[in-house]
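Shown next: run-v4.txt, given as compact mmCIF, C-alpha atoms.
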# COMPACT_ATOMS: atom_id res chain seq x y z
CA GLN A 1 -8.33 -5.38 -15.18
CA VAL A 2 -7.29 -6.02 -11.58
CA GLN A 3 -9.64 -5.62 -8.66
CA LEU A 4 -8.21 -4.84 -5.26
CA VAL A 5 -10.05 -5.43 -2.00
CA GLU A 6 -8.70 -3.79 1.14
CA SER A 7 -9.45 -4.69 4.72
CA GLY A 8 -8.14 -4.12 8.21
CA GLY A 9 -8.94 -0.48 8.86
CA GLY A 10 -10.63 0.71 12.00
CA LEU A 11 -10.62 2.99 15.02
CA VAL A 12 -7.67 2.65 17.37
CA GLN A 13 -5.88 4.65 20.03
CA ALA A 14 -2.52 6.32 19.64
CA GLY A 15 0.26 3.78 20.05
CA ASP A 16 -1.83 0.86 18.80
CA SER A 17 -1.21 -1.25 15.73
CA LEU A 18 -3.21 -2.24 12.67
CA ARG A 19 -2.51 -4.42 9.68
CA LEU A 20 -4.08 -3.55 6.37
CA SER A 21 -4.53 -6.19 3.70
CA CYS A 22 -5.00 -5.82 -0.04
CA THR A 23 -6.08 -8.86 -2.04
CA ALA A 24 -5.86 -8.80 -5.82
CA SER A 25 -8.13 -10.63 -8.23
CA ARG A 26 -5.35 -11.54 -10.62
CA ARG A 27 -3.06 -14.52 -10.15
CA THR A 28 -0.19 -12.65 -11.82
CA PHE A 29 -0.07 -10.43 -8.73
CA SER A 30 3.53 -11.52 -8.18
CA THR A 31 4.60 -9.49 -11.22
CA TYR A 32 2.96 -6.30 -9.95
CA GLY A 33 4.47 -3.58 -7.83
CA VAL A 34 2.35 -2.70 -4.80
CA GLY A 35 1.90 0.64 -3.11
CA TRP A 36 -0.06 2.20 -0.27
CA PHE A 37 -1.23 5.79 -0.28
CA ARG A 38 -3.42 7.71 2.13
CA GLN A 39 -5.64 10.74 2.05
CA ALA A 40 -6.68 12.74 5.08
CA PRO A 41 -9.68 15.10 5.01
CA GLY A 42 -8.84 18.29 3.17
CA LYS A 43 -5.45 17.02 2.07
CA GLU A 44 -4.03 15.54 -1.10
CA ARG A 45 -3.37 11.85 -1.45
CA GLU A 46 0.14 11.05 -0.28
CA PHE A 47 2.55 8.19 -0.67
CA VAL A 48 3.01 5.87 2.30
CA ALA A 49 4.98 2.80 1.20
CA ALA A 50 5.76 0.61 -1.78
CA ILE A 51 7.27 -2.77 -2.58
CA SER A 52 8.77 -3.84 -5.87
CA SER A 53 7.55 -6.81 -7.88
CA SER A 54 11.02 -8.37 -7.90
CA ALA A 55 13.28 -8.86 -4.90
CA GLY A 56 10.80 -7.22 -2.55
CA ASN A 57 12.58 -3.89 -2.38
CA THR A 58 10.71 -1.46 -0.16
CA CYS A 59 10.51 2.29 0.29
CA TYR A 60 8.65 4.48 2.76
CA ALA A 61 7.56 8.03 3.33
CA ASP A 62 9.69 9.69 6.01
CA SER A 63 6.62 10.17 8.18
CA VAL A 64 6.09 6.40 8.57
CA LYS A 65 9.63 5.06 8.32
CA GLY A 66 10.43 2.82 11.26
CA ARG A 67 6.76 2.42 12.20
CA PHE A 68 5.14 0.91 9.09
CA THR A 69 6.17 -2.20 7.20
CA ILE A 70 4.98 -3.16 3.73
CA SER A 71 5.09 -6.78 2.64
CA ARG A 72 3.51 -9.16 0.18
CA ASP A 73 2.48 -12.80 -0.02
CA ASN A 74 2.36 -13.69 -3.69
CA ALA A 75 0.87 -17.12 -2.98
CA LYS A 76 -2.17 -15.35 -1.55
CA ASN A 77 -2.21 -12.48 -4.07
CA THR A 78 -2.11 -10.18 -1.08
CA GLY A 79 -0.16 -7.15 0.03
CA TYR A 80 0.06 -5.93 3.61
CA LEU A 81 0.77 -2.74 5.50
CA GLN A 82 1.68 -3.32 9.13
CA MET A 83 1.24 -0.08 11.05
CA ASN A 84 2.73 0.21 14.52
CA SER A 85 2.93 3.09 16.98
CA LEU A 86 0.03 4.80 15.28
CA LYS A 87 -0.40 8.53 15.73
CA PRO A 88 -3.46 10.75 15.31
CA GLU A 89 -1.83 12.24 12.22
CA ASP A 90 -1.98 8.81 10.59
CA THR A 91 -5.75 9.18 10.40
CA ALA A 92 -6.77 8.89 6.75
CA VAL A 93 -8.34 6.69 4.13
CA TYR A 94 -5.69 4.22 3.04
CA TYR A 95 -5.58 3.02 -0.55
CA CYS A 96 -3.86 0.01 -1.98
CA THR A 97 -2.59 0.24 -5.53
CA THR A 98 -0.74 -1.95 -7.99
CA ARG A 99 1.49 -1.33 -10.97
CA ALA A 100 1.34 -3.74 -13.89
CA PRO A 101 4.64 -4.89 -15.41
CA ARG A 102 6.03 -2.95 -18.34
CA GLY A 103 7.54 -5.45 -20.74
CA PHE A 104 9.29 -8.61 -19.66
CA SER A 105 12.18 -7.23 -17.63
CA LEU A 106 12.30 -7.73 -13.90
CA ASP A 107 11.40 -4.57 -12.02
CA TYR A 108 13.29 -3.92 -8.81
CA ARG A 109 12.03 -0.40 -8.26
CA CYS A 110 9.44 0.76 -5.78
CA TYR A 111 7.39 3.69 -7.04
CA GLY A 112 6.30 6.70 -5.00
CA GLY A 113 4.12 8.58 -7.45
CA SER A 114 0.40 7.91 -7.67
CA HIS A 115 0.55 8.37 -11.45
CA GLU A 116 2.88 5.38 -11.68
CA TYR A 117 0.18 2.95 -10.61
CA ASP A 118 -2.59 1.37 -12.62
CA TYR A 119 -5.20 -0.09 -10.28
CA TRP A 120 -6.63 1.18 -7.02
CA GLY A 121 -8.68 -0.27 -4.21
CA GLN A 122 -11.72 1.39 -2.72
CA GLY A 123 -9.91 2.56 0.39
CA THR A 124 -10.17 1.66 4.05
CA GLN A 125 -10.58 4.15 6.88
CA VAL A 126 -7.98 4.32 9.63
CA THR A 127 -8.80 6.57 12.57
CA VAL A 128 -6.34 7.08 15.41
CA SER A 129 -7.61 8.80 18.53
CA SER A 130 -5.34 10.62 20.94
Translate the structure of the given file into structure tokens.
Amino acid sequence: QVQLVESGGGLVQAGDSLRLSCTASRRTFSTYGVGWFRQAPGKEREFVAAISSSAGNTCYADSVKGRFTISRDNAKNTGYLQMNSLKPEDTAVYYCTTRAPRGFSLDYRCYGGSHEYDYWGQGTQVTVSS
């Protein structure tokens, strides 16, 4: 079992920046893929960004490409989502998630489906005012 603790959400104005953090309880975090999803009121949870366990390959939803950056610090068991140029439509609860390794092969993929992940954080609210 892996526990994920998110932090960094808050209320900001359009154009501002925030950095979300996600700290994992397991020291084998470096072997896990990391993803961020978000859910706005009345909408389904949607993919935001992901980073592979190996080589740090990244992928993004079109709506955040060029504004958000996902990264990881394996020494700290922590993943990050840097969010710049925030827009009101970015308002949502943001969830961190991790994917455990399957077998012993290196995994260079980043995964965009929520069903592909194993552990989820409790979510952190991001509110962007216009």
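Candidate residues A:Gln1, A:Ser54, A:Ser130, A:Gln39 were compared for distance to A:Pro88, and the nearest is A:Ser130, using only C-alpha atoms.
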Skipping near chain neighbours, those fewer than 4 positions away, what residues fall within 10 Å of A:Thr69 using only C-alpha atoms, listed as a PyMOL selection string? chain A and resi 19+48-51+58-60+64-65+80-84
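Between atom CA of A:Tyr117 and atom CA of A:Arg67 the interatomic distance comes to 23.7 Å.
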When you count all atoms listed in the file, which of these residues is closest to A:Asp90: A:Cys22, A:Arg38, A:Arg27, A:Arg109?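 Of all the options, A:Arg38 lies closest to A:Asp90.
Our summary of the geometry notes that atom CA of A:Ser129 is positioned 27.9 Å from atom CA of A:Val34.
Taking atom CA of A:Arg26 and atom CA of A:Glu44 as endpoints, the distance between them is 28.7 Å.
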Counting all atoms listed in the file, write as an mmCIF file with C-alpha atoms, keeping the file's coordinate frame all protein and nucleic acid residues lying at most 12 Å from (-7.8, -4.0, 7.1) in the file's frame.
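Saved file part04.cif follows:
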data_model
loop_
_atom_site.group_PDB
_atom_site.id
_atom_site.type_symbol
_atom_site.label_atom_id
_atom_site.label_comp_id
_atom_site.auth_asym_id
_atom_site.auth_seq_id
_atom_site.Cartn_x
_atom_site.Cartn_y
_atom_site.Cartn_z
ATOM 1 C CA VAL A 5 -10.050 -5.430 -2.000
ATOM 2 C CA GLU A 6 -8.700 -3.790 1.140
ATOM 3 C CA SER A 7 -9.450 -4.690 4.720
ATOM 4 C CA GLY A 8 -8.140 -4.120 8.210
ATOM 5 C CA GLY A 9 -8.940 -0.480 8.860
ATOM 6 C CA GLY A 10 -10.630 0.710 12.000
ATOM 7 C CA LEU A 11 -10.620 2.990 15.020
ATOM 8 C CA SER A 17 -1.210 -1.250 15.730
ATOM 9 C CA LEU A 18 -3.210 -2.240 12.670
ATOM 10 C CA ARG A 19 -2.510 -4.420 9.680
ATOM 11 C CA LEU A 20 -4.080 -3.550 6.370
ATOM 12 C CA SER A 21 -4.530 -6.190 3.700
ATOM 13 C CA CYS A 22 -5.000 -5.820 -0.040
ATOM 14 C CA THR A 23 -6.080 -8.860 -2.040
ATOM 15 C CA THR A 78 -2.110 -10.180 -1.080
ATOM 16 C CA GLY A 79 -0.160 -7.150 0.030
ATOM 17 C CA TYR A 80 0.060 -5.930 3.610
ATOM 18 C CA LEU A 81 0.770 -2.740 5.500
ATOM 19 C CA GLN A 82 1.680 -3.320 9.130
ATOM 20 C CA MET A 83 1.240 -0.080 11.050
ATOM 21 C CA VAL A 93 -8.340 6.690 4.130
ATOM 22 C CA TYR A 94 -5.690 4.220 3.040
ATOM 23 C CA TYR A 95 -5.580 3.020 -0.550
ATOM 24 C CA CYS A 96 -3.860 0.010 -1.980
ATOM 25 C CA GLY A 121 -8.680 -0.270 -4.210
ATOM 26 C CA GLN A 122 -11.720 1.390 -2.720
ATOM 27 C CA GLY A 123 -9.910 2.560 0.390
ATOM 28 C CA THR A 124 -10.170 1.660 4.050
ATOM 29 C CA GLN A 125 -10.580 4.150 6.880
ATOM 30 C CA VAL A 126 -7.980 4.320 9.630
ATOM 31 C CA THR A 127 -8.800 6.570 12.570
#
Using all atoms listed in the file, which protein or nucleic acid residues come within 7 Å of A:Lys87? Drop anything in the same chain fewer than 3 positions from it, and give the result as a list in words.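 Returned residues: Ala14, Gly15, Asp90 and Val128 of chain A.
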Now that the selection is made, can you save its residues with C-alpha atoms as a CSV table (one decimal), in the coordinates of the input?
chain,number,residue,atom,x,y,z
A,14,ALA,CA,-2.5,6.3,19.6
A,15,GLY,CA,0.3,3.8,20.0
A,90,ASP,CA,-2.0,8.8,10.6
A,128,VAL,CA,-6.3,7.1,15.4
With distances taken over only C-alpha atoms, which of A:Asp73, A:Glu89, A:Asp62, A:Asp16 is nearest to A:Thr31?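 Distance minimum relative to A:Thr31 lands on A:Asp73.
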Selection near A:Thr28, 10 Å with only C-alpha atoms, sequence-local residues under 5 positions removed, as a PDB file with C-alpha atoms, keeping the file's coordinate frame:
ATOM      1  CA  VAL A   2      -7.290  -6.020 -11.580  1.00  0.00           C
ATOM      2  CA  ASN A  74       2.360 -13.690  -3.690  1.00  0.00           C
ATOM      3  CA  ALA A  75       0.870 -17.120  -2.980  1.00  0.00           C
ATOM      4  CA  ASN A  77      -2.210 -12.480  -4.070  1.00  0.00           C
ATOM      5  CA  ALA A 100       1.340  -3.740 -13.890  1.00  0.00           C
ATOM      6  CA  PRO A 101       4.640  -4.890 -15.410  1.00  0.00           C
TER       7      PRO A 101
END
Just give me the residues with any atom within 6 Å of (8.8, -6.4, 2.2), file coordinates, counting all atoms listed in the file, written as a list in words.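 I get Gly56, Thr58, Ile70 and Ser71 of chain A for the residues within 6 Å of that point.
Closest approach to A:Gly35 among A:Gln13, A:Phe104, A:Phe47, A:Ala92: A:Phe47, based on all atoms listed in the file.
Minimum distance to A:Ser53 across A:Gly113, A:Thr98, A:Val12, A:Phe68 (counting all atoms listed in the file) occurs at A:Thr98.
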Tell me which of A:Gln3, A:Ser25, A:Ser114, A:Ser30 sits closest to A:Arg72, counting all atoms listed in the file.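 For A:Arg72, the nearest of the candidates is A:Ser30.
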